[in-house]
Amino acid sequence: MGPTITPIDATLGAVATGLELARMDAATWKAVEQAFHEHAVLVFPGQDLTDDEQVAFASRFGDIELLAPDPELKAVAISNRKPDGSVMGAEEHRFKALRGNEGWHTDSSYMPLSAKASVLSAQVVPSAGGETEWADMRAAYDALDEGTRKRISGLSAHHSLYHSQARIGHEVETGAGYGYHTKGAPLRPLVKVHPVTGRPALYIGRHAYGIPGLDEPESEKLLSDLVDFACRPPRTYAHRWQPGDVVIWDNRCVLHRARPYNYSEVRVMRHTRVAGDPATELAPTDRDERARAYEPSTSNR
């Protein structure tokens, strides 16, 4: 008997039960992969994966993306808890980086090779708040009026983590603050066609800025209006975490954000990121630049 896939009451997302992610046979994996492409966000309650098991699950979807200077580190903590057990202060660099995650975004759009998927699991959760929310960029594109579709069909935007952090008052010297992110601001189309399903989706979020051909106010307004329109019910789902929950989502057609909580409480999540296929997820530059950009961003392969 295969897993039970129950769609969430939104245009994206499903809850998968009746399976153990750490012990999937070929038929179960096939059902999970198919559900991933159909629903874009899959919730697996109460899996309690170890680090190695989470990495093994994520690796079924592709190569693991380098997330830290340590090439052996394939699952990283997203947490406000410091090594000594205390909670980060509001002025600490890492805390400001975490607060940036509260803006709608897609993972690694600012890297030469953008991410295919992300896996997040809950280790320690606060008493209230701290949800993760996702928004369906496929359904958002479908809901656009024809005039807007025509307007954005040939447009692109730059993507930069440094730029998006600066917007929230977190200025970081380029190449010094995020370790694995030392590149510039790749240019990516506002509309992305999914390489598997063929569905068009908006490819926007907080890292996007500077649309060529538009002045800065016009560019910012268009991008802001698109995010505001896209990230509304029924195209959104917020997951209230329980320890042991695992969620995977498709960065090629979904935005996500963390929700606020009482920052004096500890929140510990484990994150693993799946690198995109270079044939579809490398920023569109010339061939030589593509080759140079790709190699250092995936040095853990």
# chains A, B, ... in the order shown; residues from 1 in each chain; ligands from 1

$ residues_around --residues "A:Leu226" --least-positions-apart "2" --cutoff "12 Å" --atoms "only C-alpha atoms" --output "PyMOL selection string"
chain A and resi 104+137+140-141+143-145+148-149+151-152+190-191+201-206+208+219-224+228-232

$ select_by_dssp --residues "stretch 97-204 of chain A" --states "helix (DSSP H, G or I)" --output "PDB file with N, CA, C and O atoms, in the first residue's frame"
ATOM      1  N   ALA A  97      20.268  38.190   9.713  1.00  0.00           N
ATOM      2  CA  ALA A  97      20.123  37.323   8.543  1.00  0.00           C
ATOM      3  C   ALA A  97      18.857  36.476   8.659  1.00  0.00           C
ATOM      4  O   ALA A  97      18.126  36.287   7.680  1.00  0.00           O
ATOM      5  N   LEU A  98      18.575  35.969   9.866  1.00  0.00           N
ATOM      6  CA  LEU A  98      17.366  35.178  10.074  1.00  0.00           C
ATOM      7  C   LEU A  98      16.114  36.019   9.869  1.00  0.00           C
ATOM      8  O   LEU A  98      15.127  35.550   9.291  1.00  0.00           O
ATOM      9  N   ARG A  99      16.141  37.264  10.331  1.00  0.00           N
ATOM     10  CA  ARG A  99      14.974  38.134  10.154  1.00  0.00           C
ATOM     11  C   ARG A  99      14.698  38.381   8.678  1.00  0.00           C
ATOM     12  O   ARG A  99      13.549  38.569   8.269  1.00  0.00           O
ATOM     13  N   GLY A 100      15.743  38.385   7.858  1.00  0.00           N
ATOM     14  CA  GLY A 100      15.536  38.541   6.433  1.00  0.00           C
ATOM     15  C   GLY A 100      14.682  37.441   5.841  1.00  0.00           C
ATOM     16  O   GLY A 100      13.949  37.665   4.866  1.00  0.00           O
ATOM     17  N   MET A 137       3.439  30.286  -7.030  1.00  0.00           N
ATOM     18  CA  MET A 137       3.699  31.198  -8.136  1.00  0.00           C
ATOM     19  C   MET A 137       3.142  30.700  -9.465  1.00  0.00           C
ATOM     20  O   MET A 137       3.012  31.467 -10.416  1.00  0.00           O
ATOM     21  N   ARG A 138       2.765  29.421  -9.533  1.00  0.00           N
ATOM     22  CA  ARG A 138       2.079  28.901 -10.726  1.00  0.00           C
ATOM     23  C   ARG A 138       0.670  29.478 -10.789  1.00  0.00           C
ATOM     24  O   ARG A 138       0.251  30.034 -11.811  1.00  0.00           O
ATOM     25  N   ALA A 139      -0.053  29.323  -9.686  1.00  0.00           N
ATOM     26  CA  ALA A 139      -1.416  29.839  -9.623  1.00  0.00           C
ATOM     27  C   ALA A 139      -1.438  31.356  -9.708  1.00  0.00           C
ATOM     28  O   ALA A 139      -2.384  31.941 -10.253  1.00  0.00           O
ATOM     29  N   ALA A 140      -0.401  32.011  -9.171  1.00  0.00           N
ATOM     30  CA  ALA A 140      -0.337  33.465  -9.260  1.00  0.00           C
ATOM     31  C   ALA A 140      -0.223  33.909 -10.712  1.00  0.00           C
ATOM     32  O   ALA A 140      -0.904  34.856 -11.142  1.00  0.00           O
ATOM     33  N   TYR A 141       0.629  33.245 -11.470  1.00  0.00           N
ATOM     34  CA  TYR A 141       0.757  33.592 -12.885  1.00  0.00           C
ATOM     35  C   TYR A 141      -0.567  33.347 -13.609  1.00  0.00           C
ATOM     36  O   TYR A 141      -1.001  34.180 -14.422  1.00  0.00           O
ATOM     37  N   ASP A 142      -1.207  32.229 -13.331  1.00  0.00           N
ATOM     38  CA  ASP A 142      -2.487  31.907 -13.973  1.00  0.00           C
ATOM     39  C   ASP A 142      -3.540  32.980 -13.693  1.00  0.00           C
ATOM     40  O   ASP A 142      -4.410  33.232 -14.531  1.00  0.00           O
ATOM     41  N   ALA A 143      -3.452  33.613 -12.508  1.00  0.00           N
ATOM     42  CA  ALA A 143      -4.461  34.585 -12.092  1.00  0.00           C
ATOM     43  C   ALA A 143      -4.205  35.994 -12.610  1.00  0.00           C
ATOM     44  O   ALA A 143      -5.065  36.873 -12.480  1.00  0.00           O
ATOM     45  N   GLU A 146      -4.384  39.528 -18.612  1.00  0.00           N
ATOM     46  CA  GLU A 146      -3.617  39.358 -19.832  1.00  0.00           C
ATOM     47  C   GLU A 146      -2.643  40.509 -20.056  1.00  0.00           C
ATOM     48  O   GLU A 146      -1.521  40.309 -20.545  1.00  0.00           O
ATOM     49  N   GLY A 147      -3.052  41.718 -19.688  1.00  0.00           N
ATOM     50  CA  GLY A 147      -2.177  42.862 -19.862  1.00  0.00           C
ATOM     51  C   GLY A 147      -0.907  42.747 -19.042  1.00  0.00           C
ATOM     52  O   GLY A 147       0.190  43.067 -19.525  1.00  0.00           O
ATOM     53  N   THR A 148      -1.032  42.282 -17.799  1.00  0.00           N
ATOM     54  CA  THR A 148       0.144  42.123 -16.951  1.00  0.00           C
ATOM     55  C   THR A 148       1.036  41.011 -17.483  1.00  0.00           C
ATOM     56  O   THR A 148       2.262  41.132 -17.488  1.00  0.00           O
ATOM     57  N   ARG A 149       0.433  39.934 -17.931  1.00  0.00           N
ATOM     58  CA  ARG A 149       1.243  38.852 -18.505  1.00  0.00           C
ATOM     59  C   ARG A 149       2.080  39.348 -19.687  1.00  0.00           C
ATOM     60  O   ARG A 149       3.265  39.022 -19.798  1.00  0.00           O
ATOM     61  N   LYS A 150       1.462  40.121 -20.548  1.00  0.00           N
ATOM     62  CA  LYS A 150       2.198  40.642 -21.704  1.00  0.00           C
ATOM     63  C   LYS A 150       3.291  41.597 -21.259  1.00  0.00           C
ATOM     64  O   LYS A 150       4.394  41.599 -21.822  1.00  0.00           O
ATOM     65  N   ARG A 151       2.996  42.411 -20.259  1.00  0.00           N
ATOM     66  CA  ARG A 151       3.988  43.387 -19.793  1.00  0.00           C
ATOM     67  C   ARG A 151       5.247  42.714 -19.246  1.00  0.00           C
ATOM     68  O   ARG A 151       6.361  43.167 -19.495  1.00  0.00           O
ATOM     69  N   ILE A 152       5.080  41.619 -18.517  1.00  0.00           N
ATOM     70  CA  ILE A 152       6.234  41.004 -17.843  1.00  0.00           C
ATOM     71  C   ILE A 152       6.877  39.885 -18.660  1.00  0.00           C
ATOM     72  O   ILE A 152       7.916  39.358 -18.255  1.00  0.00           O
ATOM     73  N   LEU A 161      21.282  38.733  -2.488  1.00  0.00           N
ATOM     74  CA  LEU A 161      21.052  38.605  -1.051  1.00  0.00           C
ATOM     75  C   LEU A 161      21.528  39.851  -0.315  1.00  0.00           C
ATOM     76  O   LEU A 161      20.900  40.302   0.645  1.00  0.00           O
ATOM     77  N   TYR A 162      22.635  40.433  -0.762  1.00  0.00           N
ATOM     78  CA  TYR A 162      23.131  41.649  -0.120  1.00  0.00           C
ATOM     79  C   TYR A 162      22.147  42.799  -0.295  1.00  0.00           C
ATOM     80  O   TYR A 162      21.916  43.586   0.618  1.00  0.00           O
ATOM     81  N   HIS A 163      21.566  42.888  -1.482  1.00  0.00           N
ATOM     82  CA  HIS A 163      20.599  43.947  -1.746  1.00  0.00           C
ATOM     83  C   HIS A 163      19.355  43.765  -0.881  1.00  0.00           C
ATOM     84  O   HIS A 163      18.844  44.727  -0.296  1.00  0.00           O
ATOM     85  N   SER A 164      18.851  42.533  -0.788  1.00  0.00           N
ATOM     86  CA  SER A 164      17.628  42.307  -0.012  1.00  0.00           C
ATOM     87  C   SER A 164      17.865  42.514   1.477  1.00  0.00           C
ATOM     88  O   SER A 164      16.985  43.016   2.187  1.00  0.00           O
ATOM     89  N   GLN A 165      19.059  42.157   1.982  1.00  0.00           N
ATOM     90  CA  GLN A 165      19.341  42.415   3.394  1.00  0.00           C
ATOM     91  C   GLN A 165      19.502  43.909   3.659  1.00  0.00           C
ATOM     92  O   GLN A 165      19.082  44.407   4.714  1.00  0.00           O
ATOM     93  N   ALA A 166      20.080  44.634   2.703  1.00  0.00           N
ATOM     94  CA  ALA A 166      20.221  46.078   2.877  1.00  0.00           C
ATOM     95  C   ALA A 166      18.865  46.750   2.993  1.00  0.00           C
ATOM     96  O   ALA A 166      18.717  47.763   3.692  1.00  0.00           O
ATOM     97  N   ARG A 167      17.868  46.207   2.326  1.00  0.00           N
ATOM     98  CA  ARG A 167      16.519  46.778   2.398  1.00  0.00           C
ATOM     99  C   ARG A 167      15.968  46.764   3.813  1.00  0.00           C
ATOM    100  O   ARG A 167      15.130  47.594   4.168  1.00  0.00           O
TER     101      ARG A 167
END

$ closest_residue --among "A:Tyr261, A:Trp241, A:Tyr209, A:Trp134" --to "A:Val41" --atoms "only C-alpha atoms"
A:Trp134

$ closest_residue --among "A:Glu218, A:Glu65, A:Asp48, A:Glu265" --to "A:Gly129" --atoms "only C-alpha atoms"
A:Glu265

$ atom_distance --atom1 "atom CA of A:Gly2" --atom2 "atom CA of A:Ile248"
18.7 Å

$ closest_atom_pairs --of "stretch 176-288 of chain A" --to "stretch 85-88 of chain A" --cutoff "8 Å" --atoms "only C-alpha atoms" --output "Markdown table"
| residue | atom | partner | partner_atom | distance |
| --- | --- | --- | --- | --- |
| A:Tyr263 | CA | A:Val87 | CA | 7.9 |
| A:Ser264 | CA | A:Val87 | CA | 6.5 |
| A:Glu265 | CA | A:Val87 | CA | 7.4 |
| A:Val266 | CA | A:Val87 | CA | 6.6 |

$ closest_residue --among "A:Ala115, A:Pro212, A:Ala185, A:Phe44" --to "A:Gly154" --atoms "only C-alpha atoms"
A:Pro212

$ select_by_dssp --residues "stretch 14-162 of chain A" --states "strand (DSSP E or B)" --output "NGL selection string"
:A and (14-17 or 41-44 or 64 or 76-79 or 81 or 87 or 105 or 113 or 115-124 or 129 or 132-136 or 156-159)

$ residues_around --residues "A:Asp51" --least-positions-apart "3" --cutoff "7 Å" --atoms "only C-alpha atoms" --output "list in words"
Gln54, Val55 and Ala75 of chain A

$ atom_distance --atom1 "atom CA of A:Arg199" --atom2 "atom CA of A:Thr11"
13.7 Å

$ residues_around --residues "A:Gly276" --least-positions-apart "3" --cutoff "12 Å" --atoms "only C-alpha atoms" --output "ChimeraX atom specification"
/A:59,61-66,107-109,111-118,194-195,250-252,273,279-283,294,297-298

$ closest_atom_pairs --of "stretch 55-103 of chain A" --to "stretch 257-260 of chain A" --cutoff "6 Å" --atoms "only C-alpha atoms" --output "Markdown table"
| residue | atom | partner | partner_atom | distance |
| --- | --- | --- | --- | --- |
| A:Asn101 | CA | A:Ala258 | CA | 5.7 |
| A:Glu102 | CA | A:Ala258 | CA | 4.5 |
| A:Gly103 | CA | A:Arg257 | CA | 5.5 |

$ write_last_selection --atoms "all heavy atoms" --output "tab-separated table (two decimals), in the first residue's frame"
chain	number	residue	atom	x	y	z
A	101	ASN	N	14.74	36.24	6.44
A	101	ASN	CA	13.94	35.12	5.94
A	101	ASN	C	12.44	35.34	6.10
A	101	ASN	O	11.63	34.57	5.56
A	101	ASN	CB	14.33	33.83	6.66
A	101	ASN	CG	15.70	33.33	6.28
A	101	ASN	OD1	16.19	33.63	5.20
A	101	ASN	ND2	16.33	32.60	7.18
A	102	GLU	N	12.06	36.40	6.82
A	102	GLU	CA	10.64	36.69	6.99
A	102	GLU	C	10.04	37.41	5.79
A	102	GLU	O	8.84	37.67	5.75
A	102	GLU	CB	10.43	37.49	8.27
A	102	GLU	CG	10.78	36.69	9.52
A	102	GLU	CD	10.71	37.50	10.81
A	102	GLU	OE1	10.23	38.66	10.76
A	102	GLU	OE2	11.14	36.99	11.86
A	103	GLY	N	10.86	37.72	4.80
A	103	GLY	CA	10.36	38.27	3.54
A	103	GLY	C	10.17	37.15	2.53
A	103	GLY	O	10.91	36.16	2.52

$ residues_around --residues "A:Val32" --least-positions-apart "4" --cutoff "9 Å" --atoms "only C-alpha atoms" --output "ChimeraX atom specification"
/A:3,5,16,27-28,36-37,42

$ write_last_selection --atoms "N, CA and C atoms" --output "PDB file, in the first residue's frame"
ATOM      1  N   PRO A   3       1.803   5.532  -0.003  1.00  0.00           N
ATOM      2  CA  PRO A   3       1.521   6.626   0.928  1.00  0.00           C
ATOM      3  C   PRO A   3       0.204   7.310   0.602  1.00  0.00           C
ATOM      4  N   ILE A   5      -1.585  10.756   0.062  1.00  0.00           N
ATOM      5  CA  ILE A   5      -1.290  12.150  -0.276  1.00  0.00           C
ATOM      6  C   ILE A   5      -2.588  12.942  -0.201  1.00  0.00           C
ATOM      7  N   ALA A  16       1.656  14.215   3.286  1.00  0.00           N
ATOM      8  CA  ALA A  16       1.952  12.825   2.946  1.00  0.00           C
ATOM      9  C   ALA A  16       2.095  12.011   4.230  1.00  0.00           C
ATOM     10  N   ALA A  27       8.646   2.211  -5.200  1.00  0.00           N
ATOM     11  CA  ALA A  27       7.281   2.644  -5.504  1.00  0.00           C
ATOM     12  C   ALA A  27       6.877   3.841  -4.654  1.00  0.00           C
ATOM     13  N   THR A  28       7.269   3.825  -3.378  1.00  0.00           N
ATOM     14  CA  THR A  28       6.952   4.951  -2.495  1.00  0.00           C
ATOM     15  C   THR A  28       7.671   6.212  -2.961  1.00  0.00           C
ATOM     16  N   PHE A  36       5.409  15.702  -5.435  1.00  0.00           N
ATOM     17  CA  PHE A  36       6.238  16.914  -5.374  1.00  0.00           C
ATOM     18  C   PHE A  36       6.014  17.778  -6.605  1.00  0.00           C
ATOM     19  N   HIS A  37       6.017  17.181  -7.773  1.00  0.00           N
ATOM     20  CA  HIS A  37       5.812  17.948  -8.998  1.00  0.00           C
ATOM     21  C   HIS A  37       4.384  18.477  -9.104  1.00  0.00           C
ATOM     22  N   LEU A  42       5.324  19.539  -0.005  1.00  0.00           N
ATOM     23  CA  LEU A  42       4.892  18.300   0.639  1.00  0.00           C
ATOM     24  C   LEU A  42       5.253  18.344   2.120  1.00  0.00           C
TER      25      LEU A  42
END

$ closest_residue --among "A:Leu187, A:Ala90, A:Ala238, A:Ala58" --to "A:Thr132" --atoms "only C-alpha atoms"
A:Ala238

$ atom_distance --atom1 "atom CA of A:Ala135" --atom2 "atom CA of A:Lys30"
24.6 Å

$ closest_residue --among "A:Thr272, A:Gln123, A:Thr197, A:Ser153" --to "A:Ala40" --atoms "only C-alpha atoms"
A:Thr197
